[in-house]
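As provided, target-v6.cif (mmCIF, N, CA and C atoms) reads as follows.
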```
data_protein
loop_
_atom_site.label_atom_id
_atom_site.label_comp_id
_atom_site.auth_asym_id
_atom_site.auth_seq_id
_atom_site.Cartn_x
_atom_site.Cartn_y
_atom_site.Cartn_z
N ASP A 1 0.83 -1.20 0.00
CA ASP A 1 0.00 0.00 0.00
C ASP A 1 0.87 1.25 0.00
N ILE A 2 0.36 2.30 -0.59
CA ILE A 2 1.06 3.58 -0.64
C ILE A 2 1.11 4.18 0.76
N TYR A 3 2.21 4.87 1.07
CA TYR A 3 2.41 5.48 2.39
C TYR A 3 3.12 6.81 2.22
N ASN A 4 3.13 7.62 3.27
CA ASN A 4 3.82 8.92 3.25
C ASN A 4 5.31 8.68 3.04
N GLY A 5 5.90 9.33 2.03
CA GLY A 5 7.31 9.17 1.72
C GLY A 5 7.59 8.09 0.68
N ALA A 6 6.54 7.47 0.15
CA ALA A 6 6.70 6.42 -0.85
C ALA A 6 7.09 7.01 -2.20
N ILE A 7 7.80 6.23 -3.00
CA ILE A 7 8.03 6.58 -4.40
C ILE A 7 6.94 5.87 -5.19
N VAL A 8 6.20 6.66 -5.96
CA VAL A 8 5.08 6.13 -6.74
C VAL A 8 5.28 6.48 -8.22
N GLN A 9 4.60 5.73 -9.07
CA GLN A 9 4.66 5.96 -10.52
C GLN A 9 3.25 6.20 -11.03
N VAL A 10 3.10 7.21 -11.88
CA VAL A 10 1.81 7.50 -12.49
C VAL A 10 1.47 6.38 -13.47
N ALA A 11 0.21 5.93 -13.42
CA ALA A 11 -0.24 4.80 -14.26
C ALA A 11 -1.71 4.97 -14.60
N ASN A 12 -2.17 4.20 -15.55
CA ASN A 12 -3.59 4.12 -15.92
C ASN A 12 -4.13 5.41 -16.55
N GLY A 13 -3.25 6.21 -17.12
CA GLY A 13 -3.67 7.46 -17.75
C GLY A 13 -4.17 7.29 -19.17
N GLY A 14 -4.10 6.07 -19.70
CA GLY A 14 -4.61 5.80 -21.04
C GLY A 14 -3.85 6.53 -22.13
N GLY A 15 -2.58 6.87 -21.88
CA GLY A 15 -1.77 7.54 -22.88
C GLY A 15 -1.99 9.05 -22.92
N GLU A 16 -2.94 9.54 -22.16
CA GLU A 16 -3.23 10.98 -22.15
C GLU A 16 -2.75 11.66 -20.88
N GLY A 17 -2.18 10.87 -19.96
CA GLY A 17 -1.70 11.43 -18.71
C GLY A 17 -2.78 11.50 -17.66
N VAL A 18 -2.37 11.94 -16.48
CA VAL A 18 -3.23 12.00 -15.30
C VAL A 18 -3.20 13.42 -14.76
N ASN A 19 -4.34 13.91 -14.30
CA ASN A 19 -4.40 15.27 -13.77
C ASN A 19 -3.81 15.36 -12.36
N MET A 20 -2.88 16.31 -12.18
CA MET A 20 -2.39 16.67 -10.86
C MET A 20 -3.18 17.90 -10.45
N ARG A 21 -3.73 17.89 -9.24
CA ARG A 21 -4.61 18.96 -8.80
C ARG A 21 -4.03 19.74 -7.63
N ILE A 22 -4.50 20.98 -7.47
CA ILE A 22 -4.01 21.88 -6.43
C ILE A 22 -4.41 21.40 -5.03
N SER A 23 -5.52 20.67 -4.96
CA SER A 23 -6.04 20.10 -3.72
C SER A 23 -6.84 18.87 -4.09
N PRO A 24 -7.19 18.01 -3.12
CA PRO A 24 -7.98 16.82 -3.47
C PRO A 24 -9.28 17.20 -4.18
N GLY A 25 -9.40 16.83 -5.44
CA GLY A 25 -10.59 17.15 -6.22
C GLY A 25 -10.64 18.59 -6.72
N GLY A 26 -9.57 19.35 -6.49
CA GLY A 26 -9.54 20.76 -6.86
C GLY A 26 -9.13 21.01 -8.30
N ASP A 27 -8.78 22.25 -8.59
CA ASP A 27 -8.41 22.65 -9.94
C ASP A 27 -7.15 21.92 -10.41
N ILE A 28 -7.07 21.70 -11.73
CA ILE A 28 -5.93 21.00 -12.33
C ILE A 28 -4.72 21.93 -12.37
N VAL A 29 -3.58 21.42 -11.89
CA VAL A 29 -2.31 22.15 -11.93
C VAL A 29 -1.59 21.83 -13.24
N THR A 30 -1.52 20.52 -13.56
CA THR A 30 -0.83 20.06 -14.76
C THR A 30 -1.28 18.64 -15.06
N THR A 31 -0.83 18.12 -16.18
CA THR A 31 -1.08 16.73 -16.54
C THR A 31 0.25 15.99 -16.49
N VAL A 32 0.26 14.85 -15.83
CA VAL A 32 1.49 14.07 -15.64
C VAL A 32 1.36 12.77 -16.44
N MET A 33 2.38 12.46 -17.23
CA MET A 33 2.31 11.29 -18.10
C MET A 33 2.59 10.00 -17.34
N ASP A 34 2.00 8.90 -17.83
CA ASP A 34 2.27 7.58 -17.26
C ASP A 34 3.77 7.33 -17.21
N GLY A 35 4.22 6.68 -16.15
CA GLY A 35 5.63 6.34 -15.99
C GLY A 35 6.40 7.37 -15.18
N THR A 36 5.82 8.55 -14.97
CA THR A 36 6.48 9.60 -14.19
C THR A 36 6.55 9.16 -12.73
N GLN A 37 7.74 9.29 -12.12
CA GLN A 37 7.88 8.95 -10.71
C GLN A 37 7.76 10.20 -9.84
N LEU A 38 7.06 10.04 -8.73
CA LEU A 38 6.82 11.11 -7.77
C LEU A 38 7.01 10.55 -6.37
N THR A 39 7.13 11.44 -5.39
CA THR A 39 7.22 11.03 -3.98
C THR A 39 6.00 11.56 -3.24
N THR A 40 5.37 10.71 -2.43
CA THR A 40 4.25 11.19 -1.62
C THR A 40 4.81 12.03 -0.48
N THR A 41 4.11 13.12 -0.15
CA THR A 41 4.65 14.10 0.80
C THR A 41 3.75 14.30 2.01
N GLY A 42 2.82 13.40 2.24
CA GLY A 42 1.92 13.54 3.37
C GLY A 42 0.93 12.40 3.39
N GLU A 43 -0.08 12.54 4.22
CA GLU A 43 -1.12 11.51 4.34
C GLU A 43 -2.20 11.71 3.28
N SER A 44 -2.87 10.62 2.94
CA SER A 44 -3.94 10.67 1.94
C SER A 44 -5.17 11.36 2.51
N GLN A 45 -6.01 11.86 1.59
CA GLN A 45 -7.30 12.44 1.95
C GLN A 45 -8.36 11.91 0.99
N ASP A 46 -9.56 11.72 1.49
CA ASP A 46 -10.66 11.27 0.66
C ASP A 46 -11.51 12.46 0.22
N ALA A 47 -11.79 12.54 -1.09
CA ALA A 47 -12.64 13.60 -1.63
C ALA A 47 -13.14 13.18 -3.01
N GLU A 48 -14.35 13.62 -3.35
CA GLU A 48 -14.92 13.37 -4.68
C GLU A 48 -14.97 11.88 -5.04
N GLY A 49 -15.06 11.01 -4.03
CA GLY A 49 -15.14 9.58 -4.29
C GLY A 49 -13.81 8.91 -4.55
N TYR A 50 -12.71 9.62 -4.35
CA TYR A 50 -11.37 9.06 -4.55
C TYR A 50 -10.53 9.26 -3.29
N THR A 51 -9.46 8.47 -3.20
CA THR A 51 -8.43 8.72 -2.19
C THR A 51 -7.30 9.44 -2.91
N TRP A 52 -6.89 10.59 -2.38
CA TRP A 52 -5.88 11.45 -3.02
C TRP A 52 -4.59 11.46 -2.21
N TRP A 53 -3.47 11.52 -2.90
CA TRP A 53 -2.16 11.61 -2.25
C TRP A 53 -1.47 12.91 -2.66
N PRO A 54 -0.86 13.60 -1.68
CA PRO A 54 -0.02 14.75 -2.02
C PRO A 54 1.30 14.22 -2.58
N VAL A 55 1.71 14.74 -3.72
CA VAL A 55 2.92 14.25 -4.38
C VAL A 55 3.80 15.41 -4.82
N SER A 56 5.09 15.09 -5.00
CA SER A 56 6.05 16.08 -5.45
C SER A 56 7.06 15.40 -6.36
N GLY A 57 7.53 16.14 -7.37
CA GLY A 57 8.53 15.60 -8.28
C GLY A 57 8.83 16.63 -9.35
N GLU A 58 9.50 16.19 -10.41
CA GLU A 58 9.85 17.10 -11.51
C GLU A 58 8.62 17.75 -12.11
N ALA A 59 7.46 17.07 -12.02
CA ALA A 59 6.21 17.61 -12.58
C ALA A 59 5.63 18.72 -11.70
N GLY A 60 6.16 18.88 -10.48
CA GLY A 60 5.66 19.89 -9.57
C GLY A 60 5.05 19.25 -8.33
N ASP A 61 4.27 20.04 -7.62
CA ASP A 61 3.62 19.58 -6.39
C ASP A 61 2.11 19.63 -6.58
N GLY A 62 1.42 18.64 -6.05
CA GLY A 62 -0.03 18.63 -6.14
C GLY A 62 -0.59 17.35 -5.57
N TRP A 63 -1.80 17.03 -5.98
CA TRP A 63 -2.53 15.85 -5.50
C TRP A 63 -2.95 15.00 -6.69
N ILE A 64 -2.79 13.68 -6.57
CA ILE A 64 -3.22 12.74 -7.60
C ILE A 64 -4.01 11.62 -6.94
N ALA A 65 -5.11 11.21 -7.59
CA ALA A 65 -5.94 10.13 -7.06
C ALA A 65 -5.16 8.82 -7.04
N GLN A 66 -5.35 8.06 -5.97
CA GLN A 66 -4.63 6.79 -5.78
C GLN A 66 -4.84 5.83 -6.94
N ASP A 67 -6.01 5.89 -7.61
CA ASP A 67 -6.29 4.99 -8.73
C ASP A 67 -5.26 5.13 -9.85
N PHE A 68 -4.54 6.24 -9.87
CA PHE A 68 -3.58 6.52 -10.94
C PHE A 68 -2.13 6.45 -10.45
N LEU A 69 -1.91 5.82 -9.29
CA LEU A 69 -0.56 5.71 -8.73
C LEU A 69 -0.24 4.25 -8.43
N LEU A 70 0.98 3.84 -8.77
CA LEU A 70 1.49 2.52 -8.42
C LEU A 70 2.65 2.70 -7.48
N LEU A 71 2.73 1.86 -6.45
CA LEU A 71 3.84 1.92 -5.49
C LEU A 71 5.10 1.37 -6.15
N VAL A 72 6.18 2.15 -6.14
CA VAL A 72 7.48 1.69 -6.65
C VAL A 72 8.30 1.16 -5.48
N GLN A 73 8.41 1.99 -4.42
CA GLN A 73 9.10 1.55 -3.19
C GLN A 73 8.73 2.43 -2.03
#
```
Represent the supplied structure as structure tokens.
Amino acid sequence: DIYNGAIVQVANGGGEGVNMRISPGGDIVTTVMDGTQLTTTGESQDAEGYTWWPVSGEAGDGWIAQDFLLLVQ
């Protein structure tokens, strides 16, 4: 399971990428392509029917729904 400080990889974006949001379920900050690695930076929050993780990496900082993240380590 994903945890605070985990390295995760964006997945399941269907080749179009996954939305990174300013807050759980909030406005879109950017789109992150499948395969991009990020680090979780806090605890998950539930909103809009999803579990969201705060993430940080080369793509920036934001929130991505757990359905689109795979645990790397």
Find the residues of region 32-67 of chain A that sit at most 6.5 Å from region 12-27 of chain A; for each, write down the nearest two atoms and how far apart they are in Å, to one decimal. Count all atoms listed in the file. Sort by chain, then by number going up, and give it as a Markdown table.
```
| residue | atom | partner | partner_atom | distance |
| --- | --- | --- | --- | --- |
| A:Val32 | C | A:Val18 | N | 3.8 |
| A:Met33 | CA | A:Gly17 | CA | 4.1 |
| A:Asp34 | N | A:Gly17 | CA | 4.6 |
| A:Ala47 | CA | A:Pro24 | C | 5.5 |
| A:Glu48 | N | A:Gly25 | CA | 5.9 |
| A:Trp52 | CA | A:Pro24 | CA | 5.8 |
| A:Asp61 | C | A:Arg21 | C | 6.2 |
| A:Gly62 | CA | A:Arg21 | C | 4.4 |
| A:Trp63 | N | A:Arg21 | C | 3.9 |
| A:Ile64 | N | A:Arg21 | N | 5.1 |
| A:Ala65 | N | A:Asn19 | C | 6.5 |
| A:Asp67 | C | A:Asn12 | CA | 6.4 |
```
May I have the centre and edge lengths, in Å to one decimal, of an axis-aligned box around the listed atoms of region 59-66 of chain A with 3 Å added to every side, as lines of an AutoDock Vina configuration file?
```
center_x = 0.8
center_y = 12.9
center_z = -9.0
size_x = 19.4
size_y = 20.2
size_z = 13.1
```
Residues within 6.5 Å of Val72 (chain A), please, as a ChimeraX atom specification. Count only N, CA and C atoms; anything in the same chain fewer than 5 positions from it doesn't count. /A:6-9
Could you please take those selected residues and save N, CA and C atoms as an mmCIF file, in the frame of the given file?
```cif
data_model
loop_
_atom_site.group_PDB
_atom_site.id
_atom_site.type_symbol
_atom_site.label_atom_id
_atom_site.label_comp_id
_atom_site.auth_asym_id
_atom_site.auth_seq_id
_atom_site.Cartn_x
_atom_site.Cartn_y
_atom_site.Cartn_z
ATOM 1 N N ALA A 6 6.540 7.470 0.150
ATOM 2 C CA ALA A 6 6.700 6.420 -0.850
ATOM 3 C C ALA A 6 7.090 7.010 -2.200
ATOM 4 N N ILE A 7 7.800 6.230 -3.000
ATOM 5 C CA ILE A 7 8.030 6.580 -4.400
ATOM 6 C C ILE A 7 6.940 5.870 -5.190
ATOM 7 N N VAL A 8 6.200 6.660 -5.960
ATOM 8 C CA VAL A 8 5.080 6.130 -6.740
ATOM 9 C C VAL A 8 5.280 6.480 -8.220
ATOM 10 N N GLN A 9 4.600 5.730 -9.070
ATOM 11 C CA GLN A 9 4.660 5.960 -10.520
ATOM 12 C C GLN A 9 3.250 6.200 -11.030
#
```
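Put simply, CA of Gly35 (chain A) is 6.3 Å away from CA of Ala11 (chain A).
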Ref. answer, residues at most 8 Å from (-4.5, 7.1, -3.2) with all atoms listed in the file, as a ChimeraX atom specification: /A:2,44-45,50-54,64-69
Hey, what does DSSP flag as strand (DSSP E) within chain A? Can you give it to me as a ChimeraX atom specification? /A:7-10,18-21,28-32,37-40,45-47,50-57,60-65,69-71
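Between CA of Thr40 (chain A) and CA of Leu70 (chain A) the separation is 11.4 Å.
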Could you state the separation of CA of Gly60 (chain A) and atom N of Asp1 (chain A) in Å, given to one decimal place? 23.7 Å
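With only N, CA and C atoms as the atoms that count, the residue of A:Gln73, A:Thr31, A:Thr36, A:Thr41 with the shortest distance to Asn4 (chain A) is A:Thr41.
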Just so the selection is clear, what residues does the PyMOL selection byres ((chain A and resi 58) around 6.5) cover here, as a ChimeraX atom specification? /A:37-38,56-57,59-60
